[in-house]
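**Q** Quick one: the structure is below, questions incoming.
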Amino acid sequence: MSIGGVLFDIDGVLVTSWQAVPGAAETLKYLDSKDIARAFLTNTTSKTRGQIATALREVGLDVHSDEIVTAASLTADHLRENYPDARVVLINNGEIAGDMPGIEFVDETSEDPDVVVVGGAGPEFTHERLSRVYDWLCRGIPVVAMHRSLMWSTGAGLRIDTGMYLGGMEQASGHTAKAIGKPAPLGFRTASERMGVDPDDVVMVGDDLDNDVLAAQVVGMTGVLVRTGKFRQDVLDRRITDEFAMEPDHVIDSVADLPGVLS
């Protein structure tokens with residue numbers, strides 16, 4: 001295969017609970033030695049790009065903020081383009097305003113906003129707040145989700161994410177929230193553009209079969225699924241036994257094995 005660049009998911013691929021996956025640093029060094037471009041695409045909404053880069057460098061991964069594409073930065077681009085000067089309510093676990101310059105955030109208890117933005121799930125996702133989001137959705141106020149991931153992996157196990165809540169709200173309201181981050185194509189194409197590489201020449205490495213790997217393959221990338229993070233063998237087995245389903249191009253034990261795929 002032609003390799004112009006490698007696009008990494010972060011959580012579950014390079015780190016778990018912000019501790020480096022063994023071999024991750026060596027794989028990044030391998031790419032540097034081969035002059036292969038790289039970028040990082042994440043649905044993490046608890047940290048800004050700068051904070052993510054700092055956290056990665058602290059565990060030995062030489063990553064810079066301008067190499068990272070976040071769901072928050074993509075959402076900010078979407079809001080500026082489609083809802084200029086909108087008053088935005090943000091429901092999110094994490095202070096990520098630094099990745100969303102030019103957006104006017106308003107208090108959720110004030111008058112109705114123009115747009116509601118929902119980030120990653122966390123303690124802020126209380127019954128009262130989610131009920132308020134559901135009410136706004138029912139009344140036709142646009143709800144923009146930074147992503148619709150169903151779960152993420154921590155050192156203590158799996159945690160449910162925004163997509164678990166959105167599905168029920170959409171079904172009950174008859175309205176659909178606009179999702180920006182993975183698995184939507186926008187992030188994959190944006191990351192390719194930043195690397196200056198055509199999607200057909202990009203390898204995407206992820207731990208989420210649908211959101212990372214198969215979504216990347218849809219836009220023309222080569223998908224590599226790692227058996228770390230949120231990976232579940234039973235999910236892969238069901239996909240492989242379905243003759244009509246798309247399968248990942250490659251499956252490896254961890255990011256440490258990526259050089260063998262690329263060589």
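Just so we're on the same page: first chain in the structure tokens is A, next is B, and so on; residues restart at 1 for each chain, and ligands are numbered from 1 in the order they show up.
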Name the residues in contact with range 166-182 of chain A at a cut-off of 8 Å, using only C-alpha atoms, excluding same-chain residues fewer than 3 positions from it; report them as a compact mmCIF listing (two decimals) with all heavy atoms, in the first residue's frame.

**A**
```
# COMPACT_ATOMS: atom_id res chain seq x y z
N THR A 42 -8.90 13.04 17.62
CA THR A 42 -9.47 12.55 18.87
C THR A 42 -10.84 13.14 19.15
O THR A 42 -11.10 14.31 18.84
CB THR A 42 -8.52 12.85 20.04
OG1 THR A 42 -9.11 12.40 21.27
CG2 THR A 42 -8.22 14.34 20.15
N ASN A 43 -11.70 12.32 19.74
CA ASN A 43 -12.97 12.79 20.25
C ASN A 43 -12.87 13.24 21.71
O ASN A 43 -13.89 13.59 22.31
CB ASN A 43 -14.04 11.69 20.13
CG ASN A 43 -14.64 11.61 18.74
OD1 ASN A 43 -14.40 12.46 17.89
ND2 ASN A 43 -15.43 10.57 18.50
N THR A 70 -9.10 18.02 17.20
CA THR A 70 -10.04 17.62 18.23
C THR A 70 -11.48 17.82 17.76
O THR A 70 -11.76 18.64 16.88
CB THR A 70 -9.84 18.41 19.54
OG1 THR A 70 -10.17 19.79 19.30
CG2 THR A 70 -8.42 18.30 20.04
N ALA A 71 -12.39 17.09 18.39
CA ALA A 71 -13.81 17.29 18.10
C ALA A 71 -14.23 18.71 18.43
O ALA A 71 -15.10 19.29 17.77
CB ALA A 71 -14.64 16.27 18.87
N LEU A 74 -13.10 21.10 15.59
CA LEU A 74 -13.96 20.89 14.44
C LEU A 74 -15.35 21.49 14.67
O LEU A 74 -15.95 22.08 13.76
CB LEU A 74 -14.10 19.39 14.15
CG LEU A 74 -12.84 18.67 13.67
CD1 LEU A 74 -13.07 17.16 13.67
CD2 LEU A 74 -12.43 19.14 12.28
N THR A 75 -15.85 21.35 15.91
CA THR A 75 -17.16 21.91 16.24
C THR A 75 -17.13 23.43 16.16
O THR A 75 -18.09 24.06 15.67
CB THR A 75 -17.59 21.46 17.65
OG1 THR A 75 -17.67 20.03 17.67
CG2 THR A 75 -18.93 22.06 18.03
N HIS A 78 -17.46 24.45 12.65
CA HIS A 78 -18.84 24.26 12.21
C HIS A 78 -19.75 25.39 12.70
O HIS A 78 -20.58 25.90 11.93
CB HIS A 78 -19.36 22.91 12.73
CG HIS A 78 -20.80 22.67 12.43
ND1 HIS A 78 -21.26 22.26 11.20
CD2 HIS A 78 -21.91 22.79 13.22
CE1 HIS A 78 -22.58 22.13 11.23
NE2 HIS A 78 -23.00 22.45 12.44
N TYR A 134 -32.87 17.87 26.12
CA TYR A 134 -33.96 17.18 25.44
C TYR A 134 -35.11 18.14 25.13
O TYR A 134 -35.68 18.12 24.03
CB TYR A 134 -34.46 16.02 26.31
CG TYR A 134 -35.70 15.35 25.79
CD1 TYR A 134 -35.70 14.70 24.57
CD2 TYR A 134 -36.89 15.39 26.53
CE1 TYR A 134 -36.86 14.10 24.08
CE2 TYR A 134 -38.04 14.79 26.05
CZ TYR A 134 -38.02 14.14 24.84
OH TYR A 134 -39.16 13.55 24.36
N LEU A 137 -34.13 20.29 22.23
CA LEU A 137 -34.17 19.50 21.01
C LEU A 137 -35.61 19.35 20.52
O LEU A 137 -35.90 19.50 19.32
CB LEU A 137 -33.53 18.13 21.25
CG LEU A 137 -33.35 17.21 20.04
CD1 LEU A 137 -32.42 17.83 19.01
CD2 LEU A 137 -32.82 15.85 20.49
N CYS A 138 -36.52 19.08 21.45
CA CYS A 138 -37.93 18.92 21.10
C CYS A 138 -38.50 20.20 20.50
O CYS A 138 -39.40 20.15 19.64
CB CYS A 138 -38.74 18.53 22.33
SG CYS A 138 -38.54 16.82 22.85
N GLY A 140 -36.95 22.32 18.69
CA GLY A 140 -36.33 22.67 17.42
C GLY A 140 -35.08 23.50 17.51
O GLY A 140 -34.55 23.97 16.49
N PRO A 142 -31.27 23.94 17.53
CA PRO A 142 -30.23 23.04 17.04
C PRO A 142 -29.35 22.51 18.17
O PRO A 142 -28.86 23.28 19.00
CB PRO A 142 -29.43 23.92 16.07
CG PRO A 142 -30.36 25.02 15.69
CD PRO A 142 -31.21 25.28 16.90
N VAL A 143 -29.15 21.22 18.18
CA VAL A 143 -28.23 20.57 19.12
C VAL A 143 -27.08 20.00 18.30
O VAL A 143 -27.28 19.19 17.39
CB VAL A 143 -28.91 19.47 19.93
CG1 VAL A 143 -27.90 18.71 20.78
CG2 VAL A 143 -30.00 20.06 20.83
N VAL A 144 -25.87 20.45 18.63
CA VAL A 144 -24.67 20.00 17.94
C VAL A 144 -23.85 19.16 18.92
O VAL A 144 -23.48 19.65 19.99
CB VAL A 144 -23.83 21.19 17.43
CG1 VAL A 144 -22.53 20.70 16.80
CG2 VAL A 144 -24.63 22.02 16.43
N ALA A 145 -23.59 17.92 18.56
CA ALA A 145 -22.79 17.04 19.40
C ALA A 145 -21.35 17.02 18.88
O ALA A 145 -21.13 16.83 17.68
CB ALA A 145 -23.36 15.63 19.40
N MET A 146 -20.40 17.23 19.76
CA MET A 146 -19.00 17.16 19.33
C MET A 146 -18.68 15.79 18.76
O MET A 146 -17.84 15.65 17.88
CB MET A 146 -18.08 17.48 20.49
CG MET A 146 -18.14 18.93 20.93
SD MET A 146 -16.85 19.30 22.11
CE MET A 146 -17.37 20.94 22.64
N HIS A 147 -19.36 14.77 19.27
CA HIS A 147 -19.23 13.41 18.74
C HIS A 147 -20.39 12.60 19.28
O HIS A 147 -21.13 13.05 20.15
CB HIS A 147 -17.89 12.77 19.13
CG HIS A 147 -17.69 12.64 20.61
ND1 HIS A 147 -18.35 11.69 21.36
CD2 HIS A 147 -16.92 13.33 21.50
CE1 HIS A 147 -17.99 11.79 22.63
NE2 HIS A 147 -17.13 12.79 22.75
N ARG A 148 -20.56 11.39 18.75
CA ARG A 148 -21.58 10.50 19.28
C ARG A 148 -20.96 9.14 19.65
O ARG A 148 -21.56 8.08 19.44
CB ARG A 148 -22.77 10.35 18.32
CG ARG A 148 -22.46 9.91 16.93
CD ARG A 148 -23.77 9.60 16.16
NE ARG A 148 -24.59 10.77 15.95
CZ ARG A 148 -25.81 10.94 16.48
NH1 ARG A 148 -26.32 10.01 17.26
NH2 ARG A 148 -26.50 12.02 16.22
N SER A 149 -19.76 9.19 20.21
CA SER A 149 -19.13 7.96 20.71
C SER A 149 -20.01 7.34 21.79
O SER A 149 -20.61 8.04 22.61
CB SER A 149 -17.75 8.26 21.30
OG SER A 149 -16.88 8.72 20.30
N THR A 162 -21.40 10.11 25.17
CA THR A 162 -22.50 10.95 24.71
C THR A 162 -23.50 10.23 23.81
O THR A 162 -24.71 10.46 23.90
CB THR A 162 -21.93 12.17 23.96
OG1 THR A 162 -20.99 12.83 24.82
CG2 THR A 162 -23.01 13.13 23.54
N GLY A 163 -23.01 9.37 22.94
CA GLY A 163 -23.90 8.69 22.01
C GLY A 163 -24.97 7.86 22.69
O GLY A 163 -26.07 7.67 22.15
N PRO A 185 -17.12 12.08 8.48
CA PRO A 185 -15.95 12.17 7.59
C PRO A 185 -15.10 13.42 7.78
O PRO A 185 -13.91 13.43 7.44
CB PRO A 185 -16.57 12.16 6.18
CG PRO A 185 -17.92 11.56 6.35
CD PRO A 185 -18.37 11.99 7.71
N LEU A 186 -15.69 14.51 8.32
CA LEU A 186 -15.00 15.80 8.38
C LEU A 186 -13.64 15.71 9.05
O LEU A 186 -12.64 16.24 8.54
CB LEU A 186 -15.87 16.81 9.12
CG LEU A 186 -15.25 18.20 9.35
CD1 LEU A 186 -14.95 18.88 8.03
CD2 LEU A 186 -16.17 19.05 10.21
N GLY A 187 -13.57 15.07 10.20
CA GLY A 187 -12.31 15.02 10.93
C GLY A 187 -11.22 14.29 10.18
O GLY A 187 -10.05 14.72 10.18
N PHE A 188 -11.56 13.19 9.54
CA PHE A 188 -10.57 12.42 8.78
C PHE A 188 -10.02 13.25 7.62
O PHE A 188 -8.81 13.27 7.37
CB PHE A 188 -11.20 11.13 8.26
CG PHE A 188 -11.69 10.20 9.33
CD1 PHE A 188 -13.03 10.16 9.66
CD2 PHE A 188 -10.81 9.39 10.02
CE1 PHE A 188 -13.50 9.31 10.65
CE2 PHE A 188 -11.26 8.54 11.01
CZ PHE A 188 -12.60 8.49 11.34
N ASN A 211 -16.09 3.73 14.83
CA ASN A 211 -15.81 5.17 14.83
C ASN A 211 -14.46 5.53 14.24
O ASN A 211 -14.30 6.59 13.63
CB ASN A 211 -15.90 5.72 16.25
CG ASN A 211 -17.33 5.96 16.70
OD1 ASN A 211 -18.26 5.60 16.00
ND2 ASN A 211 -17.49 6.56 17.85
N ASP A 212 -13.46 4.69 14.46
CA ASP A 212 -12.11 4.97 13.98
C ASP A 212 -11.82 4.30 12.65
O ASP A 212 -11.55 4.96 11.64
CB ASP A 212 -11.06 4.49 14.99
CG ASP A 212 -11.08 5.23 16.30
OD1 ASP A 212 -11.52 6.39 16.32
OD2 ASP A 212 -10.64 4.66 17.31
N ALA A 215 -14.87 3.88 9.71
CA ALA A 215 -15.20 5.23 9.25
C ALA A 215 -14.07 5.80 8.39
O ALA A 215 -14.31 6.49 7.40
CB ALA A 215 -15.47 6.15 10.44
```

**Q** Would you please extract all strand (DSSP E) residues from range 100-262 of chain A, as assigned by DSSP on the backbone, and give them as JSON, numbers by chain?

**A** {"A": [104, 105, 115, 116, 117, 118, 143, 144, 145, 151, 152, 153, 154, 157, 158, 159, 160, 178, 179, 202, 203, 204, 205, 206, 222, 223, 224, 225, 226, 250, 251, 252]}

**Q** Generate the output file for the selected residues, C-alpha atoms, as a PDB file, in the first residue's frame.

**A**
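After the write, selection.pdb holds the following:
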```pdb
ATOM      1  CA  GLU A 104     -20.082  33.216  22.430  1.00  0.00           C
ATOM      2  CA  PHE A 105     -20.999  30.919  25.310  1.00  0.00           C
ATOM      3  CA  VAL A 115     -27.484  26.539  19.614  1.00  0.00           C
ATOM      4  CA  VAL A 116     -26.754  23.830  22.170  1.00  0.00           C
ATOM      5  CA  VAL A 117     -23.385  22.063  22.016  1.00  0.00           C
ATOM      6  CA  VAL A 118     -22.950  18.739  23.783  1.00  0.00           C
ATOM      7  CA  VAL A 143     -28.226  20.573  19.117  1.00  0.00           C
ATOM      8  CA  VAL A 144     -24.666  20.000  17.937  1.00  0.00           C
ATOM      9  CA  ALA A 145     -22.787  17.036  19.399  1.00  0.00           C
ATOM     10  CA  MET A 151     -18.057   4.651  25.254  1.00  0.00           C
ATOM     11  CA  TRP A 152     -14.424   5.145  26.145  1.00  0.00           C
ATOM     12  CA  SER A 153     -11.877   3.041  28.008  1.00  0.00           C
ATOM     13  CA  THR A 154     -10.217   3.870  31.331  1.00  0.00           C
ATOM     14  CA  GLY A 157     -13.019  -0.113  32.811  1.00  0.00           C
ATOM     15  CA  LEU A 158     -15.441   1.197  30.195  1.00  0.00           C
ATOM     16  CA  ARG A 159     -17.450   4.400  30.643  1.00  0.00           C
ATOM     17  CA  ILE A 160     -20.545   5.310  28.623  1.00  0.00           C
ATOM     18  CA  LYS A 178     -25.698  17.134  14.283  1.00  0.00           C
ATOM     19  CA  ALA A 179     -22.556  15.154  15.186  1.00  0.00           C
ATOM     20  CA  VAL A 202      -3.293   7.607   4.883  1.00  0.00           C
ATOM     21  CA  VAL A 203      -3.274   4.774   7.419  1.00  0.00           C
ATOM     22  CA  MET A 204      -5.726   5.269  10.306  1.00  0.00           C
ATOM     23  CA  VAL A 205      -4.929   3.523  13.605  1.00  0.00           C
ATOM     24  CA  GLY A 206      -7.737   3.174  16.130  1.00  0.00           C
ATOM     25  CA  THR A 222      -6.383   2.091   5.187  1.00  0.00           C
ATOM     26  CA  GLY A 223      -7.743   0.992   8.566  1.00  0.00           C
ATOM     27  CA  VAL A 224      -5.681  -0.603  11.320  1.00  0.00           C
ATOM     28  CA  LEU A 225      -7.516  -1.850  14.409  1.00  0.00           C
ATOM     29  CA  VAL A 226      -5.510  -2.301  17.624  1.00  0.00           C
ATOM     30  CA  HIS A 250      -5.565  -4.899   9.403  1.00  0.00           C
ATOM     31  CA  VAL A 251      -5.798  -6.011  13.043  1.00  0.00           C
ATOM     32  CA  ILE A 252      -2.746  -5.828  15.325  1.00  0.00           C
TER      33      ILE A 252
END
```

**Q** Which residue gives the smallest distance to Ala39 in chain A among A:Ala25, A:Leu7, A:Ala53, A:Leu61, with only C-alpha atoms counted?

**A** A:Leu7

**Q** List the neighbours of Asp107 in chain A out to 10 Å using only C-alpha atoms; skip same-chain residues closer than 5 positions along the sequence, and give me the result as a PyMOL selection string.

**A** chain A and resi 87-90+112-113

**Q** May I have the residues from that selection written out with N, CA and C atoms, as a CSV table (one decimal), in the first residue's frame?

**A**
```csv
chain,number,residue,atom,x,y,z
A,87,ARG,N,-25.6,32.5,20.2
A,87,ARG,CA,-25.4,32.4,21.6
A,87,ARG,C,-25.4,30.9,21.9
A,88,VAL,N,-24.4,30.3,22.4
A,88,VAL,CA,-24.2,28.9,22.5
A,88,VAL,C,-24.1,28.4,24.0
A,89,VAL,N,-24.9,27.4,24.3
A,89,VAL,CA,-24.8,26.7,25.6
A,89,VAL,C,-24.0,25.5,25.4
A,90,LEU,N,-23.0,25.3,26.2
A,90,LEU,CA,-22.1,24.2,26.2
A,90,LEU,C,-22.3,23.3,27.4
A,112,ASP,N,-33.4,31.0,26.2
A,112,ASP,CA,-33.1,29.9,25.3
A,112,ASP,C,-31.9,30.4,24.4
A,113,PRO,N,-30.9,29.5,24.2
A,113,PRO,CA,-29.8,29.8,23.4
A,113,PRO,C,-30.2,29.6,21.9
```

**Q** Residues near Asp35 in chain A, anyone? I mean within 10 Å using only C-alpha atoms, not counting same-chain ones fewer than 5 positions away, as a list in words.

**A**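 Contacts, with the query itself left out: Gly4, Gly5, Lys29 and Tyr30 of chain A.
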
**Q** For the residues selected in the previous step, produce a file with all heavy atoms as a PDB file, in the first residue's frame.

**A**
```
ATOM      1  N   GLY A   4       1.462   7.740   2.790  1.00  0.00           N
ATOM      2  CA  GLY A   4       1.904   9.125   2.841  1.00  0.00           C
ATOM      3  C   GLY A   4       1.852   9.689   4.238  1.00  0.00           C
ATOM      4  O   GLY A   4       2.572  10.631   4.569  1.00  0.00           O
ATOM      5  N   GLY A   5       0.985   9.109   5.073  1.00  0.00           N
ATOM      6  CA  GLY A   5       0.846   9.603   6.437  1.00  0.00           C
ATOM      7  C   GLY A   5       0.093   8.606   7.298  1.00  0.00           C
ATOM      8  O   GLY A   5      -0.600   7.723   6.797  1.00  0.00           O
ATOM      9  N   LYS A  29       8.711   7.365  16.816  1.00  0.00           N
ATOM     10  CA  LYS A  29      10.098   7.568  16.373  1.00  0.00           C
ATOM     11  C   LYS A  29      10.347   6.864  15.042  1.00  0.00           C
ATOM     12  O   LYS A  29      11.093   7.369  14.184  1.00  0.00           O
ATOM     13  CB  LYS A  29      11.061   7.067  17.440  1.00  0.00           C
ATOM     14  CG  LYS A  29      11.059   7.900  18.716  1.00  0.00           C
ATOM     15  CD  LYS A  29      11.973   7.296  19.779  1.00  0.00           C
ATOM     16  CE  LYS A  29      11.903   8.111  21.069  1.00  0.00           C
ATOM     17  NZ  LYS A  29      12.714   7.498  22.160  1.00  0.00           N
ATOM     18  N   TYR A  30       9.735   5.719  14.856  1.00  0.00           N
ATOM     19  CA  TYR A  30       9.874   4.992  13.586  1.00  0.00           C
ATOM     20  C   TYR A  30       9.336   5.836  12.436  1.00  0.00           C
ATOM     21  O   TYR A  30       9.966   5.929  11.375  1.00  0.00           O
ATOM     22  CB  TYR A  30       9.133   3.658  13.664  1.00  0.00           C
ATOM     23  CG  TYR A  30       9.049   2.931  12.344  1.00  0.00           C
ATOM     24  CD1 TYR A  30      10.107   2.125  11.905  1.00  0.00           C
ATOM     25  CD2 TYR A  30       7.916   3.044  11.527  1.00  0.00           C
ATOM     26  CE1 TYR A  30      10.032   1.466  10.684  1.00  0.00           C
ATOM     27  CE2 TYR A  30       7.843   2.389  10.310  1.00  0.00           C
ATOM     28  CZ  TYR A  30       8.899   1.604   9.892  1.00  0.00           C
ATOM     29  OH  TYR A  30       8.834   0.955   8.681  1.00  0.00           O
TER      30      TYR A  30
END
```

**Q** Restricting the calculation to only C-alpha atoms: of A:Asp11, A:Thr27, A:Thr16, A:Met100, which residue gets closest to Pro259 in chain A?

**A**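 Ranked by minimum distance to Pro259 in chain A, first place goes to A:Thr27.
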
**Q** If we count only C-alpha atoms and set the cut-off at 9 Å, which residues sit around His64 in chain A, ignoring sequence neighbours fewer than 5 positions away in its own chain? Please answer as a ChimeraX atom specification.

**A** /A:49-50,52-54,56-57

**Q** Using only C-alpha atoms, find the one residue out of A:Thr190, A:Ser73, A:Gln19, A:Gln217 that sits nearest to Glu58 in chain A.

**A**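 Under the stated criterion, the closest residue is A:Gln19.
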